[in-house]
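Data block for entry_18.cif (mmCIF, C-alpha atoms and all ligand atoms):
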data_start
#
loop_
_atom_site.label_atom_id
_atom_site.label_comp_id
_atom_site.auth_asym_id
_atom_site.auth_seq_id
_atom_site.Cartn_x
_atom_site.Cartn_y
_atom_site.Cartn_z
CA MET A 908 0.00 0.00 0.00
CA ASP A 909 1.40 3.39 -1.03
CA ILE A 910 0.25 6.47 0.85
CA MET A 911 1.07 10.09 1.69
CA ILE A 912 0.07 11.88 4.91
CA PRO A 913 0.45 15.64 5.41
CA LEU A 914 1.59 16.16 9.02
CA GLY A 915 1.35 19.91 8.45
CA GLY A 916 1.03 22.17 5.42
CA GLY A 917 -1.99 20.25 4.07
CA ASN A 918 -4.95 22.65 4.33
CA GLU A 919 -2.77 25.50 5.58
CA ILE A 920 0.35 27.45 4.67
CA GLY A 921 2.98 26.77 7.32
CA ALA A 922 4.57 23.75 8.99
CA SER A 923 4.94 21.84 5.71
CA ALA A 924 5.71 18.16 6.37
CA TYR A 925 4.65 15.24 4.19
CA LEU A 926 5.26 11.61 4.99
CA TYR A 927 5.41 9.28 2.00
CA MET A 928 5.22 5.52 2.44
CA VAL A 929 5.91 4.23 -1.06
CA GLY A 930 7.58 1.13 -2.48
CA GLY A 931 8.19 -0.18 1.04
CA LYS A 932 10.18 2.95 2.01
CA LYS A 933 9.37 5.87 4.29
CA ILE A 934 10.35 9.33 3.09
CA LEU A 935 9.73 12.66 4.78
CA ILE A 936 9.56 15.74 2.58
CA ASP A 937 10.09 18.97 4.59
CA PHE A 938 9.56 19.71 8.26
CA GLY A 939 8.78 23.40 8.70
CA ILE A 940 7.27 25.69 11.30
CA ARG A 941 4.12 27.78 11.69
CA PHE A 942 3.91 31.47 12.52
CA ASP A 943 1.45 30.54 15.25
CA GLN A 944 3.75 30.19 18.25
CA ARG A 945 1.26 27.97 20.11
CA TYR A 946 1.56 25.17 17.56
CA PRO A 947 4.90 25.73 15.89
CA TYR A 948 5.72 22.17 14.73
CA PRO A 949 4.14 19.53 12.48
CA GLU A 950 3.74 16.90 15.21
CA PRO A 951 7.08 15.10 15.70
CA GLU A 952 5.54 12.46 18.03
CA PHE A 953 2.88 11.58 15.49
CA LEU A 954 5.59 11.28 12.85
CA LYS A 955 7.56 8.88 15.06
CA THR A 956 4.43 6.77 15.67
CA LEU A 957 3.67 6.54 11.96
CA ALA A 958 7.29 5.92 11.02
CA PRO A 959 9.49 4.31 13.70
CA GLN A 960 12.23 4.31 11.01
CA LEU A 961 12.75 6.70 8.11
CA ASP A 962 14.74 6.05 4.93
CA ALA A 963 15.22 9.65 3.81
CA ILE A 964 14.44 13.24 4.74
CA ILE A 965 14.25 15.67 1.81
CA LEU A 966 14.17 19.46 2.17
CA THR A 967 12.66 21.28 -0.81
CA HIS A 968 13.90 24.77 0.09
CA ALA A 969 15.10 27.08 2.84
CA HIS A 970 11.92 28.97 3.75
CA ILE A 971 11.28 28.18 7.39
CA ASP A 972 7.74 26.97 6.77
CA HIS A 973 9.49 24.06 4.99
CA CYS A 974 12.72 23.53 6.92
CA GLY A 975 12.44 25.49 10.20
CA ALA A 976 12.06 22.37 12.38
CA PHE A 977 13.98 19.83 10.29
CA HIS A 978 16.51 19.43 13.11
CA ILE A 979 13.70 18.31 15.42
CA ALA A 980 12.61 15.61 12.98
CA SER A 981 16.21 14.69 12.22
CA ALA A 982 16.98 14.18 15.93
CA LEU A 983 14.36 11.39 15.95
CA TYR A 984 16.19 9.61 13.12
CA PRO A 985 19.92 10.10 13.72
CA ASP A 986 20.89 7.54 11.04
CA THR A 987 18.68 8.96 8.29
CA PRO A 988 20.33 11.14 5.64
CA VAL A 989 18.87 14.57 4.88
CA TYR A 990 18.95 15.39 1.16
CA THR A 991 18.80 18.87 -0.26
CA THR A 992 20.52 21.11 -2.81
CA PHE A 993 23.88 22.84 -2.17
CA GLU A 994 22.22 26.26 -2.17
CA THR A 995 19.46 25.25 0.24
CA ALA A 996 22.01 23.79 2.65
CA GLU A 997 23.84 27.10 2.70
CA LEU A 998 20.71 29.21 3.06
CA LEU A 999 19.09 27.09 5.72
CA SER A 1000 21.97 27.40 8.11
CA VAL A 1001 21.23 31.16 8.25
CA MET A 1002 17.43 30.82 8.12
CA VAL A 1003 16.97 28.09 10.72
CA GLU A 1004 19.44 29.64 13.17
CA ASP A 1005 17.57 32.92 12.86
CA ALA A 1006 14.23 31.16 13.43
CA ILE A 1007 15.62 29.57 16.59
CA LYS A 1008 16.93 32.94 17.75
CA VAL A 1009 13.52 34.55 17.24
CA ARG A 1010 11.72 31.70 19.02
CA TYR A 1011 13.84 32.11 22.14
CA ILE A 1012 13.75 35.90 22.48
CA GLY A 1013 13.58 36.63 26.20
CA LYS A 1014 14.53 33.04 27.16
CA GLU A 1015 17.91 32.81 25.44
CA GLU A 1016 19.40 30.49 28.06
CA SER A 1017 17.04 27.65 27.02
CA ALA A 1018 17.97 27.87 23.32
CA SER A 1019 21.24 25.92 23.56
CA ASN A 1020 19.64 22.49 23.23
CA GLU A 1021 17.92 23.46 20.02
CA TYR A 1022 21.11 24.91 18.56
CA LYS A 1023 22.81 21.61 19.41
CA LEU A 1024 20.10 19.61 17.60
CA PHE A 1025 20.51 21.93 14.64
CA ASP A 1026 24.31 21.49 14.53
CA GLU A 1027 23.91 17.69 14.66
CA ALA A 1028 21.20 17.67 11.98
CA PHE A 1029 23.25 19.92 9.73
CA LEU A 1030 25.98 17.26 9.62
CA ARG A 1031 23.45 14.73 8.28
CA ILE A 1032 22.80 16.83 5.17
CA GLU A 1033 23.87 15.29 1.88
CA ARG A 1034 24.03 17.94 -0.82
CA LYS A 1035 22.63 16.92 -4.20
CA ARG A 1036 22.59 18.44 -7.67
CA PHE A 1037 19.41 18.74 -9.70
CA PHE A 1038 18.62 15.79 -11.99
CA SER A 1039 21.01 13.36 -10.27
CA PRO A 1040 18.93 10.44 -8.93
CA ILE A 1041 19.33 9.06 -5.41
CA ASN A 1042 18.47 5.39 -5.01
CA ILE A 1043 17.16 4.12 -1.71
CA GLY A 1044 16.47 0.47 -2.48
CA GLY A 1045 13.60 0.44 -4.93
CA VAL A 1046 12.66 4.11 -4.70
CA GLU A 1047 14.41 6.69 -6.87
CA ILE A 1048 14.44 10.32 -5.73
CA THR A 1049 15.37 13.15 -8.13
CA LEU A 1050 15.42 16.87 -7.39
CA TYR A 1051 14.10 19.24 -10.08
CA PRO A 1052 14.54 23.05 -10.16
CA ALA A 1053 11.32 24.58 -8.78
CA GLY A 1054 12.02 28.28 -9.47
CA HIS A 1055 10.59 30.02 -6.38
CA ILE A 1056 13.88 30.93 -4.60
CA LEU A 1057 17.56 30.09 -4.87
CA GLY A 1058 18.09 26.32 -4.50
CA ALA A 1059 14.39 25.42 -4.38
CA ALA A 1060 13.61 21.88 -5.54
CA ALA A 1061 10.61 19.86 -6.59
CA VAL A 1062 10.89 16.11 -5.97
CA LEU A 1063 10.30 13.27 -8.43
CA LEU A 1064 9.69 9.90 -6.75
CA LYS A 1065 9.70 6.65 -8.76
CA TRP A 1066 8.86 3.19 -7.50
CA ASP A 1067 7.21 0.03 -8.92
CA GLU A 1068 6.52 1.74 -12.28
CA LYS A 1069 4.79 4.61 -10.49
CA VAL A 1070 5.90 8.21 -10.83
CA LEU A 1071 5.00 11.04 -8.43
CA PHE A 1072 5.92 14.72 -8.71
CA HIS A 1073 5.88 16.79 -5.50
CA THR A 1074 6.18 20.45 -6.51
CA GLY A 1075 7.21 22.01 -3.20
CA ASP A 1076 6.78 25.78 -3.59
CA ILE A 1077 7.00 26.31 -7.31
CA SER A 1078 7.24 29.21 -9.74
CA LEU A 1079 6.84 28.40 -13.39
CA LYS A 1080 7.79 31.83 -14.64
CA ASP A 1081 11.31 33.26 -14.54
CA GLN A 1082 12.03 35.79 -11.84
CA ILE A 1083 14.96 38.22 -11.93
CA THR A 1084 17.09 36.16 -9.53
CA VAL A 1085 15.95 32.60 -10.34
CA LYS A 1086 14.79 30.89 -13.52
CA GLY A 1087 11.40 29.21 -13.65
CA ALA A 1088 10.76 25.57 -12.74
CA VAL A 1089 11.71 22.62 -14.96
CA LEU A 1090 9.01 19.95 -15.21
CA PRO A 1091 9.77 16.26 -15.80
CA GLU A 1092 9.18 15.01 -19.31
CA GLU A 1093 8.05 11.54 -18.39
CA ARG A 1094 4.51 10.42 -17.56
CA VAL A 1095 3.45 11.30 -14.03
CA ASN A 1096 0.82 9.26 -12.19
CA PHE A 1097 0.49 11.50 -9.16
CA LEU A 1098 0.95 15.26 -8.92
CA VAL A 1099 1.21 16.68 -5.39
CA MET A 1100 1.02 20.42 -5.97
CA GLU A 1101 1.20 23.52 -3.79
CA SER A 1102 -1.89 25.73 -4.04
CA THR A 1103 -0.90 29.05 -2.41
CA TYR A 1104 -2.63 31.02 -5.18
CA TYR A 1105 -4.90 28.32 -6.58
CA TYR A 1106 -7.94 29.74 -4.80
CA LYS A 1107 -7.05 33.44 -4.83
CA LYS A 1108 -7.06 36.32 -7.30
CA LEU A 1109 -3.91 38.42 -7.35
CA GLU A 1110 -3.31 42.05 -8.25
CA LYS A 1111 -2.30 42.36 -11.92
CA GLU A 1112 1.26 43.44 -12.70
CA PRO A 1113 2.36 44.14 -9.13
CA GLU A 1114 5.94 44.82 -10.27
CA GLU A 1115 4.86 47.82 -12.37
CA LYS A 1116 2.59 49.05 -9.57
CA LEU A 1117 5.44 48.82 -7.08
CA GLU A 1118 7.64 50.89 -9.40
CA GLU A 1119 4.89 53.49 -9.80
CA SER A 1120 4.32 53.77 -6.05
CA ILE A 1121 8.04 54.13 -5.39
CA LYS A 1122 8.35 56.83 -8.04
CA ARG A 1123 5.35 58.76 -6.75
CA ILE A 1124 6.57 58.82 -3.14
CA LEU A 1125 10.12 59.73 -4.14
CA GLU A 1126 8.88 62.60 -6.32
CA ARG A 1127 7.27 64.25 -3.32
CA ARG A 1128 10.58 63.76 -1.49
CA GLY A 1129 9.21 61.09 0.81
CA LYS A 1130 11.26 58.22 2.24
CA ILE A 1131 10.14 54.64 1.69
CA LEU A 1132 10.26 51.52 3.82
CA ILE A 1133 9.70 48.19 2.09
CA PRO A 1134 9.37 45.45 4.71
CA VAL A 1135 10.47 42.19 3.05
CA PHE A 1136 10.89 38.50 3.69
CA ALA A 1137 14.61 37.92 3.98
CA LEU A 1138 14.85 35.08 1.49
CA GLY A 1139 13.64 35.48 -2.07
CA ARG A 1140 11.37 38.50 -1.92
CA ALA A 1141 14.13 40.83 -0.69
CA GLN A 1142 16.49 39.88 -3.53
CA GLU A 1143 13.74 40.20 -6.15
CA ILE A 1144 12.69 43.65 -4.92
CA ILE A 1145 16.27 44.88 -4.75
CA SER A 1146 16.84 43.66 -8.31
CA LEU A 1147 13.58 45.22 -9.45
CA ILE A 1148 14.57 48.62 -8.04
CA LYS A 1149 18.04 48.30 -9.51
CA ASN A 1150 16.55 47.53 -12.95
CA GLY A 1151 14.09 50.41 -12.53
CA ILE A 1152 16.93 52.84 -11.87
CA LYS A 1153 18.78 51.51 -14.91
CA LYS A 1154 15.69 51.92 -17.14
CA GLY A 1155 14.91 55.34 -15.71
CA THR A 1156 11.49 54.36 -14.34
CA ILE A 1157 12.79 54.96 -10.80
CA PRO A 1158 15.00 57.99 -10.08
CA PRO A 1159 18.59 57.26 -9.00
CA VAL A 1160 18.36 57.11 -5.21
CA ASN A 1161 20.12 55.56 -2.22
CA VAL A 1162 18.81 52.17 -1.22
CA TYR A 1163 19.79 50.58 2.09
CA VAL A 1164 19.24 46.94 2.94
CA ASP A 1165 19.07 45.87 6.56
CA GLY A 1166 18.21 42.94 8.82
CA LEU A 1167 18.49 39.29 7.85
CA ALA A 1168 17.97 40.25 4.19
CA ARG A 1169 21.56 41.51 4.06
CA GLU A 1170 23.04 38.14 5.02
CA ILE A 1171 20.86 36.33 2.50
CA CYS A 1172 21.89 38.80 -0.23
CA ASN A 1173 25.50 37.82 0.38
CA ILE A 1174 24.64 34.14 -0.19
CA TYR A 1175 22.69 34.98 -3.35
CA GLU A 1176 25.51 37.05 -4.63
CA HIS A 1177 28.12 34.33 -4.61
CA ASN A 1178 25.68 31.71 -5.94
CA ILE A 1179 24.28 33.75 -8.80
CA ASP A 1180 26.81 34.83 -11.34
CA ARG A 1181 25.63 38.42 -11.55
CA GLU A 1182 26.35 41.52 -9.59
CA PHE A 1183 23.01 42.10 -8.03
CA PHE A 1184 23.49 43.62 -4.70
CA ASN A 1185 26.77 45.38 -4.05
CA PHE A 1186 25.44 48.64 -5.30
CA PHE A 1187 22.82 48.78 -2.60
CA ILE A 1188 23.95 47.12 0.56
CA GLN A 1189 25.33 49.60 3.01
CA PRO A 1190 27.42 48.72 6.05
CA ALA A 1191 24.78 49.89 8.47
CA PRO A 1192 23.52 50.06 11.11
CA GLY A 1193 26.33 49.74 13.60
CA TYR A 1194 27.49 53.30 13.97
CA GLU A 1195 29.72 53.43 16.97
CA GLY A 1196 28.07 54.54 20.18
CA LEU A 1197 24.56 54.68 18.71
CA SER A 1198 21.62 52.60 19.85
CA PHE A 1199 19.97 50.44 17.17
CA GLU A 1200 17.12 52.93 16.94
CA GLU A 1201 19.49 55.88 16.56
CA ALA A 1202 21.41 53.98 13.87
CA CYS A 1203 18.13 53.39 12.03
CA GLU A 1204 17.39 57.12 12.20
CA GLU A 1205 20.83 57.82 10.80
CA ASN A 1206 20.18 55.37 7.95
CA ILE A 1207 16.84 56.98 7.14
CA ARG A 1208 18.55 60.37 6.92
CA GLU A 1209 20.97 58.99 4.31
CA ALA A 1210 18.79 56.57 2.36
CA ASP A 1211 15.71 57.19 0.23
CA ILE A 1212 14.52 53.60 0.30
CA ILE A 1213 15.04 51.15 3.16
CA ILE A 1214 14.51 47.45 2.49
CA SER A 1215 14.40 45.51 5.71
CA THR A 1216 13.14 42.40 7.47
CA SER A 1217 10.74 41.29 8.82
CA GLY A 1218 8.29 41.37 5.92
CA MET A 1219 5.25 41.43 8.18
CA LEU A 1220 6.57 44.11 10.57
CA MET A 1221 6.78 41.74 13.50
CA GLU A 1222 7.38 43.68 16.73
CA ASN A 1223 10.99 44.62 17.54
CA THR A 1224 12.43 43.51 14.22
CA PRO A 1225 14.48 46.07 12.25
CA SER A 1226 11.61 46.83 9.83
CA TYR A 1227 9.32 47.58 12.79
CA ILE A 1228 11.79 50.08 14.19
CA TYR A 1229 12.21 51.72 10.78
CA ALA A 1230 8.42 51.82 10.36
CA LYS A 1231 7.96 53.77 13.58
CA ILE A 1232 10.35 56.46 12.35
CA ILE A 1233 9.21 56.55 8.68
CA GLY A 1234 5.57 56.51 9.78
CA LYS A 1235 5.83 59.91 11.48
CA LYS A 1236 5.75 61.94 8.24
CA GLU A 1237 2.83 62.13 5.85
CA LYS A 1238 4.97 62.36 2.72
CA ASN A 1239 6.72 59.03 3.52
CA GLY A 1240 5.47 55.59 2.56
CA ILE A 1241 5.49 52.00 3.79
CA ILE A 1242 5.01 49.46 1.00
CA PHE A 1243 4.29 45.87 2.01
CA SER A 1244 5.38 43.31 -0.52
CA GLY A 1245 3.77 40.04 0.50
CA TYR A 1246 1.71 37.92 2.82
CA LEU A 1247 0.71 39.31 6.23
CA SER A 1248 -0.36 36.79 8.86
CA GLU A 1249 -3.14 37.81 11.24
CA GLU A 1250 -0.76 37.76 14.20
CA SER A 1251 1.55 40.34 12.65
CA PHE A 1252 1.76 44.05 13.39
CA GLY A 1253 1.69 44.72 9.63
CA TYR A 1254 -1.71 43.04 9.34
CA ARG A 1255 -3.14 45.07 12.24
CA LEU A 1256 -1.68 48.28 10.83
CA ILE A 1257 -3.39 47.78 7.47
CA LYS A 1258 -6.67 46.51 8.93
CA ASN A 1259 -7.11 49.08 11.70
CA ARG A 1260 -5.34 52.06 10.22
CA LYS A 1261 -7.25 54.54 12.41
CA GLN A 1262 -6.05 52.98 15.67
CA PHE A 1263 -2.46 53.84 14.85
CA LYS A 1264 -2.55 57.64 14.73
CA GLN A 1265 1.22 57.91 15.04
CA PHE A 1266 1.44 56.40 11.52
CA LYS A 1267 0.77 59.41 9.32
CA CYS A 1268 2.53 58.09 6.19
CA GLU A 1269 0.97 56.42 3.15
CA ILE A 1270 0.62 52.64 3.52
CA LEU A 1271 0.41 50.42 0.46
CA LYS A 1272 0.61 46.77 -0.48
CA HIS A 1273 1.88 45.27 -3.72
CA HIS A 1274 2.15 41.53 -3.69
CA ILE A 1275 5.34 40.39 -5.43
CA SER A 1276 5.04 36.62 -5.55
CA ALA A 1277 7.50 33.77 -5.98
CA HIS A 1278 4.66 31.25 -6.37
CA SER A 1279 2.83 30.21 -9.51
CA LYS A 1280 -0.48 31.92 -10.12
CA ARG A 1281 -3.65 29.89 -10.69
CA GLU A 1282 -3.12 29.85 -14.48
CA GLU A 1283 0.44 28.60 -14.07
CA LEU A 1284 -0.63 25.90 -11.62
CA GLU A 1285 -3.20 24.79 -14.20
CA LYS A 1286 -0.48 24.75 -16.82
CA ILE A 1287 1.62 22.45 -14.60
CA LYS A 1288 -1.39 20.17 -14.18
CA ASN A 1289 -2.18 20.14 -17.92
CA THR A 1290 1.44 19.58 -18.94
CA LEU A 1291 1.97 16.64 -16.58
CA ASN A 1292 -1.59 15.36 -17.03
CA PRO A 1293 -1.53 13.12 -13.92
CA GLU A 1294 -4.02 10.38 -13.11
CA LYS A 1295 -4.48 11.95 -9.71
CA LEU A 1296 -3.98 15.53 -8.50
CA ILE A 1297 -3.41 16.18 -4.80
CA LEU A 1298 -3.36 19.81 -3.67
CA ILE A 1299 -1.50 20.88 -0.53
CA HIS A 1300 -0.03 24.10 0.97
CA GLY A 1301 -3.13 26.29 0.66
CA TYR A 1302 -6.50 27.19 2.08
CA PRO A 1303 -9.02 25.24 0.00
CA GLY A 1304 -12.45 26.52 -0.89
CA LYS A 1305 -15.52 24.44 -0.13
CA ASN A 1306 -15.54 22.42 -3.31
CA SER A 1307 -12.01 21.19 -3.43
CA ARG A 1308 -12.14 17.42 -3.58
CA GLU A 1309 -8.52 17.32 -4.63
CA HIS A 1310 -7.18 19.08 -1.55
CA ALA A 1311 -5.49 17.02 1.18
CA SER A 1312 -5.93 18.02 4.82
CA ASN A 1313 -3.50 17.57 7.70
CA ARG A 1314 -3.50 13.99 9.00
CA GLU A 1315 -5.50 12.75 5.99
CA VAL A 1316 -4.27 9.50 4.45
CA VAL A 1317 -3.95 9.95 0.69
CA HIS A 1318 -3.77 6.67 -1.26
CA LEU A 1319 -1.35 6.53 -4.18
ZN ZN B 1401 8.68 28.92 -0.02
ZN ZN B 1402 5.81 27.41 1.50
#
If you convert what's in this file into structure tokens, what do you get?
Amino acid sequence: MDIMIPLGGGNEIGASAYLYMVGGKKILIDFGIRFDQRYPYPEPEFLKTLAPQLDAIILTHAHIDHCGAFHIASALYPDTPVYTTFETAELLSVMVEDAIKVRYIGKEESASNEYKLFDEAFLRIERKRFFSPINIGGVEITLYPAGHILGAAAVLLKWDEKVLFHTGDISLKDQITVKGAVLPEERVNFLVMESTYYYKKLEKEPEEKLEESIKRILERRGKILIPVFALGRAQEIISLIKNGIKKGTIPPVNVYVDGLAREICNIYEHNIDREFFNFFIQPAPGYEGLSFEEACEENIREADIIISTSGMLMENTPSYIYAKIIGKKEKNGIIFSGYLSEESFGYRLIKNRKQFKQFKCEILKHHISAHSKREELEKIKNTLNPEKLILIHGYPGKNSREHASNREVVHL
């Protein structure tokens, strides 16, 4: 009997973790975390009950909703290899350590055990190139480029003449920093596909709208904060602004990049053979003798655009501190660039604008996405033409027979 069970990331976005029992082997794809601090993990005990032994752990990419708790799963299976791409291995060491740091704010002394689990798990990672099959006795695993962000992989599983394609987070179209996904050419029986934007309508041409908003605010001599997700979105937006300045659609201005985004830019830069970021990243903050807040003020004086994490303006992150300063003046602007969870300050700021009188600036949202839109997801489905479609990683509407829920057993 071949099955798949979502332990998290089924009918939700967050805590992605999918257990496959196929061809007599047990394979875990991803083990991420949720933004909801009360239930951060995809049930490690339940995983251990379902699978006393595991043959492989695969990480599709370095967003923490896919890999943020992989060390917790890996600790349960110390002999099981963890497969991922070279780029993801490099990115996840920064991303997961940061996620641990954030989780233990205020209780730093209890974080050491989790750092230890992470260090041990990191040593179990086997780095793989795209298109080079891994054989685990009867099941063949191959990583395919998924677009989305640097290093992101989709997974092709083959066993007993069956073929399954697990998309992970996937972007079919090219972005500035990463090329679009490559789909397998062979016949696929089962397609397990993310559905972030399968059920939603998106703003048309958000890139152009972002450029227009930036230009408008700059022309009235306002300063701009763009809160960004550190990995993927930040690098795309920086590249977009850089291209805009080159084309003349955005005036030549100073752009500062701060927070975790800076570290991730450095990793992108040496993995992508193009000079994307040097022009913009400034060695700030860190002015001697200044508090973090004073350094931010100093940066805002010098820069016209600040790009900083967190993307959702979570309290006490650099972007939150910048927002408080930028928000004071009417001519300034804060432009959100992606998803805002209901727990975030950014969400509350947009929803209940009037409650935050100290924010006098313009507040906008342009959704720059690294996921396939509905039409692209349909194109993936039509190209692969599977016998069975299983949707995951989304919030299904009422009539979605194809969507798998957490803890549901999906027969393959
Ligand atoms: Zn992702
Ligand atoms: Zn995701």
Item to check | Shell of 12 Å around Ser1307 in chain A, all atoms listed in the file, local chain residues under 6 positions omitted, as number ranges by chain | outcome: A: 918, 1102, 1105-1106, 1296-1299, 1301
Pull C-alpha atoms from the residues just selected and write them as an mmCIF file, in the frame of the given file.
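Generated output (out-v3.cif):
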data_model
loop_
_atom_site.group_PDB
_atom_site.id
_atom_site.type_symbol
_atom_site.label_atom_id
_atom_site.label_comp_id
_atom_site.auth_asym_id
_atom_site.auth_seq_id
_atom_site.Cartn_x
_atom_site.Cartn_y
_atom_site.Cartn_z
ATOM 1 C CA ASN A 918 -4.950 22.650 4.330
ATOM 2 C CA SER A 1102 -1.890 25.730 -4.040
ATOM 3 C CA TYR A 1105 -4.900 28.320 -6.580
ATOM 4 C CA TYR A 1106 -7.940 29.740 -4.800
ATOM 5 C CA LEU A 1296 -3.980 15.530 -8.500
ATOM 6 C CA ILE A 1297 -3.410 16.180 -4.800
ATOM 7 C CA LEU A 1298 -3.360 19.810 -3.670
ATOM 8 C CA ILE A 1299 -1.500 20.880 -0.530
ATOM 9 C CA GLY A 1301 -3.130 26.290 0.660
#
Checklist entry - When you draw a straight line from CA of Ile936 in chain A to CA of Ile912 in chain A, how long is it in Å? => result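 The value is 10.5 Å.
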Sorted per-residue table, chain A near ligand ZN 1402 (chain B), closest atoms and distance, 9 Å, all atoms listed in the file, as JSON lines:
{"residue": "A:Gly916", "atom": "CA", "partner": "B:ZN1402", "partner_atom": "ZN", "distance": 8.1}
{"residue": "A:Ile920", "atom": "CA", "partner": "B:ZN1402", "partner_atom": "ZN", "distance": 6.3}
{"residue": "A:Gly921", "atom": "CA", "partner": "B:ZN1402", "partner_atom": "ZN", "distance": 6.5}
{"residue": "A:Ala922", "atom": "CA", "partner": "B:ZN1402", "partner_atom": "ZN", "distance": 8.4}
{"residue": "A:Ser923", "atom": "CA", "partner": "B:ZN1402", "partner_atom": "ZN", "distance": 7.0}
{"residue": "A:Gly939", "atom": "CA", "partner": "B:ZN1402", "partner_atom": "ZN", "distance": 8.8}
{"residue": "A:His968", "atom": "CA", "partner": "B:ZN1402", "partner_atom": "ZN", "distance": 8.6}
{"residue": "A:His970", "atom": "CA", "partner": "B:ZN1402", "partner_atom": "ZN", "distance": 6.7}
{"residue": "A:Ile971", "atom": "CA", "partner": "B:ZN1402", "partner_atom": "ZN", "distance": 8.1}
{"residue": "A:Asp972", "atom": "CA", "partner": "B:ZN1402", "partner_atom": "ZN", "distance": 5.6}
{"residue": "A:His973", "atom": "CA", "partner": "B:ZN1402", "partner_atom": "ZN", "distance": 6.1}
{"residue": "A:Gly1075", "atom": "CA", "partner": "B:ZN1402", "partner_atom": "ZN", "distance": 7.3}
{"residue": "A:Asp1076", "atom": "CA", "partner": "B:ZN1402", "partner_atom": "ZN", "distance": 5.4}
{"residue": "A:Ile1077", "atom": "CA", "partner": "B:ZN1402", "partner_atom": "ZN", "distance": 9.0}
{"residue": "A:Glu1101", "atom": "CA", "partner": "B:ZN1402", "partner_atom": "ZN", "distance": 8.0}
{"residue": "A:Thr1103", "atom": "CA", "partner": "B:ZN1402", "partner_atom": "ZN", "distance": 7.9}
{"residue": "A:His1278", "atom": "CA", "partner": "B:ZN1402", "partner_atom": "ZN", "distance": 8.8}
{"residue": "A:His1300", "atom": "CA", "partner": "B:ZN1402", "partner_atom": "ZN", "distance": 6.7}
Can you write out as CSV which residues of range 963-1033 of chain A fall within 9 Å of range 1131-1151 of chain A, alongside each residue's closest atom pair and its distance in Å to one decimal, counting all atoms listed in the file and ordering rows by chain and ascending residue number?
residue,atom,partner,partner_atom,distance
A:Ala969,CA,A:Leu1138,CA,8.1
A:His970,CA,A:Leu1138,CA,7.1
A:Leu998,CA,A:Leu1138,CA,8.4
A:Met1002,CA,A:Leu1138,CA,8.3
Next on the checklist: I'd like the neighbourhood of Arg1010 in chain A as a PyMOL selection string, where a residue qualifies if any of its atoms comes within 12 Å (using only C-alpha atoms), though same-chain residues fewer than 2 positions away should be ignored.
Outcome noted: chain A and resi 940-945+947+975-976+1003-1008+1012-1018+1021-1022
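Taking CA of Lys1280 in chain A and CA of Ser1078 in chain A as endpoints, the distance between them is 8.2 Å.
Using only C-alpha atoms, the smallest distance between any of A:Leu1079, A:Ala1210, A:Leu1071, A:Leu961 and Ile910 in chain A comes from A:Leu1071.
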As a short mmCIF file (atom, residue, chain, number, x, y, z; two decimals), in the frame of the given file, could you write out range 956-967 of chain A once it has been completed with N, CA and C atoms?
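Saved file part-v9.cif follows:
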data_model
loop_
_atom_site.label_atom_id
_atom_site.label_comp_id
_atom_site.auth_asym_id
_atom_site.auth_seq_id
_atom_site.Cartn_x
_atom_site.Cartn_y
_atom_site.Cartn_z
N THR A 956 5.38 7.89 15.56
CA THR A 956 4.43 6.77 15.67
C THR A 956 4.16 6.16 14.29
N LEU A 957 3.96 7.03 13.31
CA LEU A 957 3.67 6.54 11.96
C LEU A 957 4.89 5.86 11.34
N ALA A 958 6.05 6.43 11.64
CA ALA A 958 7.29 5.92 11.02
C ALA A 958 8.36 5.72 12.08
N PRO A 959 8.42 4.55 12.71
CA PRO A 959 9.49 4.31 13.70
C PRO A 959 10.88 4.44 13.06
N GLN A 960 10.98 4.11 11.76
CA GLN A 960 12.23 4.31 11.01
C GLN A 960 11.93 5.15 9.77
N LEU A 961 12.90 5.93 9.35
CA LEU A 961 12.75 6.70 8.11
C LEU A 961 13.92 6.38 7.19
N ASP A 962 13.66 6.34 5.87
CA ASP A 962 14.74 6.05 4.93
C ASP A 962 15.40 7.31 4.37
N ALA A 963 14.63 8.40 4.32
CA ALA A 963 15.22 9.65 3.81
C ALA A 963 14.40 10.84 4.27
N ILE A 964 15.11 11.94 4.52
CA ILE A 964 14.44 13.24 4.74
C ILE A 964 14.88 14.13 3.58
N ILE A 965 13.91 14.78 2.93
CA ILE A 965 14.25 15.67 1.81
C ILE A 965 13.75 17.07 2.17
N LEU A 966 14.59 18.07 1.95
CA LEU A 966 14.17 19.46 2.17
C LEU A 966 14.06 20.16 0.81
N THR A 967 12.86 20.68 0.52
CA THR A 967 12.66 21.28 -0.81
C THR A 967 13.33 22.64 -0.92
#
